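**Q** Have a look at this one before I ask anything.
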Amino acid sequence: MPKKWRTIRVRQELVVAAKRTLEKERYRAHTQSLSEFVSEAIRLRLDELKQSHEKIAEKQAEYPMIRERLLYTPDHMWAIVTPEGNVRVGLSDYAQRHLKGVVGIQTHPVGHEVKKKEPLGVVETWMFMFDLHSPVSGKIIKINEVLQEEPFIINKDPYEITWIAEIKPNNIITLEEELRDLMRLHQYKMLVSKLGRSRILGI
């Protein structure tokens with residue numbers, strides 16, 4: 001595995017939440033015991049997760065419209081051209097449903113050059129690693145910061161909220177050629193209707 005992967009992982013989430021609460025001085029040190037402080041940190045974290053899940057639910061209502069605008073690869077990645085002419089990429093809903101228990105997402109760093117069909121990162125579950133193949137060629141210019149803290153939410157919203165990376169294409173001619181090779185939604189649906197979970201796992 002390349003040494004320059006950028007790792008996004010869930011680790012000791014409640015400990016991190018407690019530390020942040022401490023740093024933000026969101027507790028009353030002179031009146032709270034340690035147990036009270038931890039309880040408050042957990043409560044605050046649960047409130048944050050609830051708000052996050054509510055936002056995801058709102059986005060899920062827009063899924064049919066979103067999916068129609070996306071292009072797909074046989075490797076279960078989606079791509080969409082942004083207003084700036086870059087390409088935002090992510091993992092398809094079909095893939096995330098077969099990749100339960102996501103604990104980390106690793107990507108090449110910003111500035112790294114990627115080529116179409118070559119890995120730009122991996123998804124790590126409790127059981128195995130799943131390669132993320134780039135739908136287009138170009139330079140990575142953005143990594144989704146949301147996934148730094150909560151990579152597991154890709155199992156709840158694989159589209160707008162948890163896009164994985166944004167790529168600046170090398171040139172418009174190459175981009176147009178590469179996009180023509182990608183599938184529309186109805187074509188991708190036909191593909192996955194013939195697949196089973198074993199094909200996702202590479203078995």
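How things are named: the first chain in the structure tokens is A, the next is B, and so on; residues count from 1 in each chain; ligands count from 1 in the order shown.
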Using only C-alpha atoms, what does the table of segment 140-197 of chain A residues within 7 Å of segment 94-111 of chain A look like, with each row giving the shortest atom pair and its distance in Å to one decimal, sorted by chain and ascending number, as a Markdown table?
**A**
```
| residue | atom | partner | partner_atom | distance |
| --- | --- | --- | --- | --- |
| A:Ile140 | CA | A:Val110 | CA | 5.0 |
| A:Ile141 | CA | A:Val110 | CA | 5.1 |
| A:Lys142 | CA | A:Val110 | CA | 5.9 |
| A:Ile143 | CA | A:Val110 | CA | 6.8 |
| A:Pro151 | CA | A:Gly104 | CA | 5.6 |
| A:Phe152 | CA | A:Val102 | CA | 5.0 |
| A:Ile154 | CA | A:Gln96 | CA | 6.9 |
| A:Asn155 | CA | A:Gln96 | CA | 5.5 |
| A:Pro158 | CA | A:Gln96 | CA | 7.0 |
| A:Arg197 | CA | A:His98 | CA | 6.3 |
```
**Q** Which residues are close to Val89 of chain A, i.e. within 9 Å by only C-alpha atoms, leaving aside same-chain residues fewer than 5 positions away? Reply as a compact mmCIF listing (two decimals) with C-alpha atoms, in the first residue's frame.
**A**
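Result written to out-v6.txt:
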```
# COMPACT_ATOMS: atom_id res chain seq x y z
CA MET A 77 -17.86 4.63 -7.98
CA TRP A 78 -19.97 7.61 -9.01
CA ALA A 79 -18.85 10.87 -10.59
CA ILE A 80 -20.38 14.26 -11.22
CA VAL A 81 -18.95 17.38 -12.84
CA SER A 134 -10.84 6.75 -9.88
CA PRO A 135 -13.50 7.37 -12.56
CA TYR A 159 -24.00 10.75 -2.12
CA TRP A 163 -18.45 12.38 -1.46
CA ILE A 164 -14.87 11.13 -1.15
CA ALA A 165 -12.67 13.38 -3.28
CA GLU A 166 -12.71 16.10 -5.91
CA ILE A 167 -10.46 15.80 -8.95
```
**Q** What does the distance between atom CA of Thr73 of chain A and atom CA of Thr162 of chain A come to in Å, to one decimal place?
**A**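 Calculated distance between atom CA of Thr73 of chain A and atom CA of Thr162 of chain A is 17.5 Å.
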**Q** Compare A:Val136, A:Met129, A:Val114, A:Lys156 by their minimum atom-to-atom distance to Leu179 of chain A, counting only C-alpha atoms, and give me the closest one.
**A**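 Using only C-alpha atoms, Leu179 of chain A sits closest to A:Val136.
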**Q** Can you list every residue in segment 88-182 of chain A that DSSP puts in helix (DSSP H, G or I), as number ranges by chain?
**A** A: 93-98, 146-149, 151-155, 172-180
**Q** How about saving the chosen residues, N, CA and C atoms kept, as a PDB file, in the first residue's frame?
**A**
```pdb
ATOM      1  N   ASP A  93     -24.372   3.693  -3.851  1.00  0.00           N
ATOM      2  CA  ASP A  93     -25.260   3.163  -2.816  1.00  0.00           C
ATOM      3  C   ASP A  93     -25.199   1.638  -2.792  1.00  0.00           C
ATOM      4  N   TYR A  94     -25.122   1.025  -3.964  1.00  0.00           N
ATOM      5  CA  TYR A  94     -25.034  -0.437  -4.047  1.00  0.00           C
ATOM      6  C   TYR A  94     -23.800  -0.938  -3.292  1.00  0.00           C
ATOM      7  N   ALA A  95     -22.676  -0.252  -3.484  1.00  0.00           N
ATOM      8  CA  ALA A  95     -21.438  -0.681  -2.816  1.00  0.00           C
ATOM      9  C   ALA A  95     -21.517  -0.514  -1.307  1.00  0.00           C
ATOM     10  N   GLN A  96     -21.998   0.647  -0.861  1.00  0.00           N
ATOM     11  CA  GLN A  96     -22.011   0.869   0.590  1.00  0.00           C
ATOM     12  C   GLN A  96     -22.925  -0.111   1.305  1.00  0.00           C
ATOM     13  N   ARG A  97     -23.997  -0.555   0.627  1.00  0.00           N
ATOM     14  CA  ARG A  97     -24.901  -1.522   1.259  1.00  0.00           C
ATOM     15  C   ARG A  97     -24.244  -2.881   1.448  1.00  0.00           C
ATOM     16  N   HIS A  98     -23.192  -3.146   0.660  1.00  0.00           N
ATOM     17  CA  HIS A  98     -22.476  -4.414   0.781  1.00  0.00           C
ATOM     18  C   HIS A  98     -21.167  -4.259   1.564  1.00  0.00           C
ATOM     19  N   VAL A 146     -15.607  15.811   6.160  1.00  0.00           N
ATOM     20  CA  VAL A 146     -16.615  15.160   7.003  1.00  0.00           C
ATOM     21  C   VAL A 146     -16.192  13.742   7.359  1.00  0.00           C
ATOM     22  N   LEU A 147     -15.521  13.079   6.404  1.00  0.00           N
ATOM     23  CA  LEU A 147     -15.147  11.683   6.617  1.00  0.00           C
ATOM     24  C   LEU A 147     -13.950  11.513   7.545  1.00  0.00           C
ATOM     25  N   GLN A 148     -13.311  12.604   7.909  1.00  0.00           N
ATOM     26  CA  GLN A 148     -12.194  12.492   8.848  1.00  0.00           C
ATOM     27  C   GLN A 148     -12.662  11.935  10.188  1.00  0.00           C
ATOM     28  N   GLU A 149     -13.803  12.424  10.640  1.00  0.00           N
ATOM     29  CA  GLU A 149     -14.285  12.048  11.964  1.00  0.00           C
ATOM     30  C   GLU A 149     -15.315  10.922  11.920  1.00  0.00           C
ATOM     31  N   PRO A 151     -16.267   8.349   9.151  1.00  0.00           N
ATOM     32  CA  PRO A 151     -16.303   7.613   7.888  1.00  0.00           C
ATOM     33  C   PRO A 151     -17.477   6.661   7.779  1.00  0.00           C
ATOM     34  N   PHE A 152     -17.983   6.217   8.942  1.00  0.00           N
ATOM     35  CA  PHE A 152     -19.083   5.256   8.942  1.00  0.00           C
ATOM     36  C   PHE A 152     -20.377   5.835   8.389  1.00  0.00           C
ATOM     37  N   ILE A 153     -20.511   7.169   8.293  1.00  0.00           N
ATOM     38  CA  ILE A 153     -21.769   7.723   7.788  1.00  0.00           C
ATOM     39  C   ILE A 153     -21.907   7.520   6.279  1.00  0.00           C
ATOM     40  N   ILE A 154     -20.849   7.018   5.636  1.00  0.00           N
ATOM     41  CA  ILE A 154     -21.000   6.681   4.224  1.00  0.00           C
ATOM     42  C   ILE A 154     -22.018   5.559   4.055  1.00  0.00           C
ATOM     43  N   ASN A 155     -22.243   4.781   5.128  1.00  0.00           N
ATOM     44  CA  ASN A 155     -23.268   3.744   5.098  1.00  0.00           C
ATOM     45  C   ASN A 155     -24.675   4.320   5.186  1.00  0.00           C
ATOM     46  N   ILE A 172      -9.883  19.167 -20.866  1.00  0.00           N
ATOM     47  CA  ILE A 172     -11.298  18.966 -21.155  1.00  0.00           C
ATOM     48  C   ILE A 172     -11.526  17.848 -22.160  1.00  0.00           C
ATOM     49  N   ILE A 173     -10.623  17.692 -23.120  1.00  0.00           N
ATOM     50  CA  ILE A 173     -10.794  16.659 -24.154  1.00  0.00           C
ATOM     51  C   ILE A 173     -10.710  15.266 -23.522  1.00  0.00           C
ATOM     52  N   THR A 174      -9.688  15.062 -22.695  1.00  0.00           N
ATOM     53  CA  THR A 174      -9.539  13.779 -22.008  1.00  0.00           C
ATOM     54  C   THR A 174     -10.729  13.512 -21.097  1.00  0.00           C
ATOM     55  N   LEU A 175     -11.184  14.556 -20.411  1.00  0.00           N
ATOM     56  CA  LEU A 175     -12.318  14.398 -19.507  1.00  0.00           C
ATOM     57  C   LEU A 175     -13.562  13.950 -20.271  1.00  0.00           C
ATOM     58  N   GLU A 176     -13.839  14.577 -21.391  1.00  0.00           N
ATOM     59  CA  GLU A 176     -15.024  14.209 -22.170  1.00  0.00           C
ATOM     60  C   GLU A 176     -14.953  12.754 -22.628  1.00  0.00           C
ATOM     61  N   GLU A 177     -13.768  12.324 -23.025  1.00  0.00           N
ATOM     62  CA  GLU A 177     -13.604  10.935 -23.461  1.00  0.00           C
ATOM     63  C   GLU A 177     -13.826   9.973 -22.297  1.00  0.00           C
ATOM     64  N   GLU A 178     -13.297  10.315 -21.134  1.00  0.00           N
ATOM     65  CA  GLU A 178     -13.433   9.436 -19.975  1.00  0.00           C
ATOM     66  C   GLU A 178     -14.879   9.395 -19.471  1.00  0.00           C
ATOM     67  N   LEU A 179     -15.559  10.514 -19.517  1.00  0.00           N
ATOM     68  CA  LEU A 179     -16.947  10.545 -19.068  1.00  0.00           C
ATOM     69  C   LEU A 179     -17.858   9.733 -19.989  1.00  0.00           C
ATOM     70  N   ARG A 180     -17.524   9.699 -21.258  1.00  0.00           N
ATOM     71  CA  ARG A 180     -18.345   8.922 -22.203  1.00  0.00           C
ATOM     72  C   ARG A 180     -18.287   7.428 -21.891  1.00  0.00           C
TER      73      ARG A 180
END
```
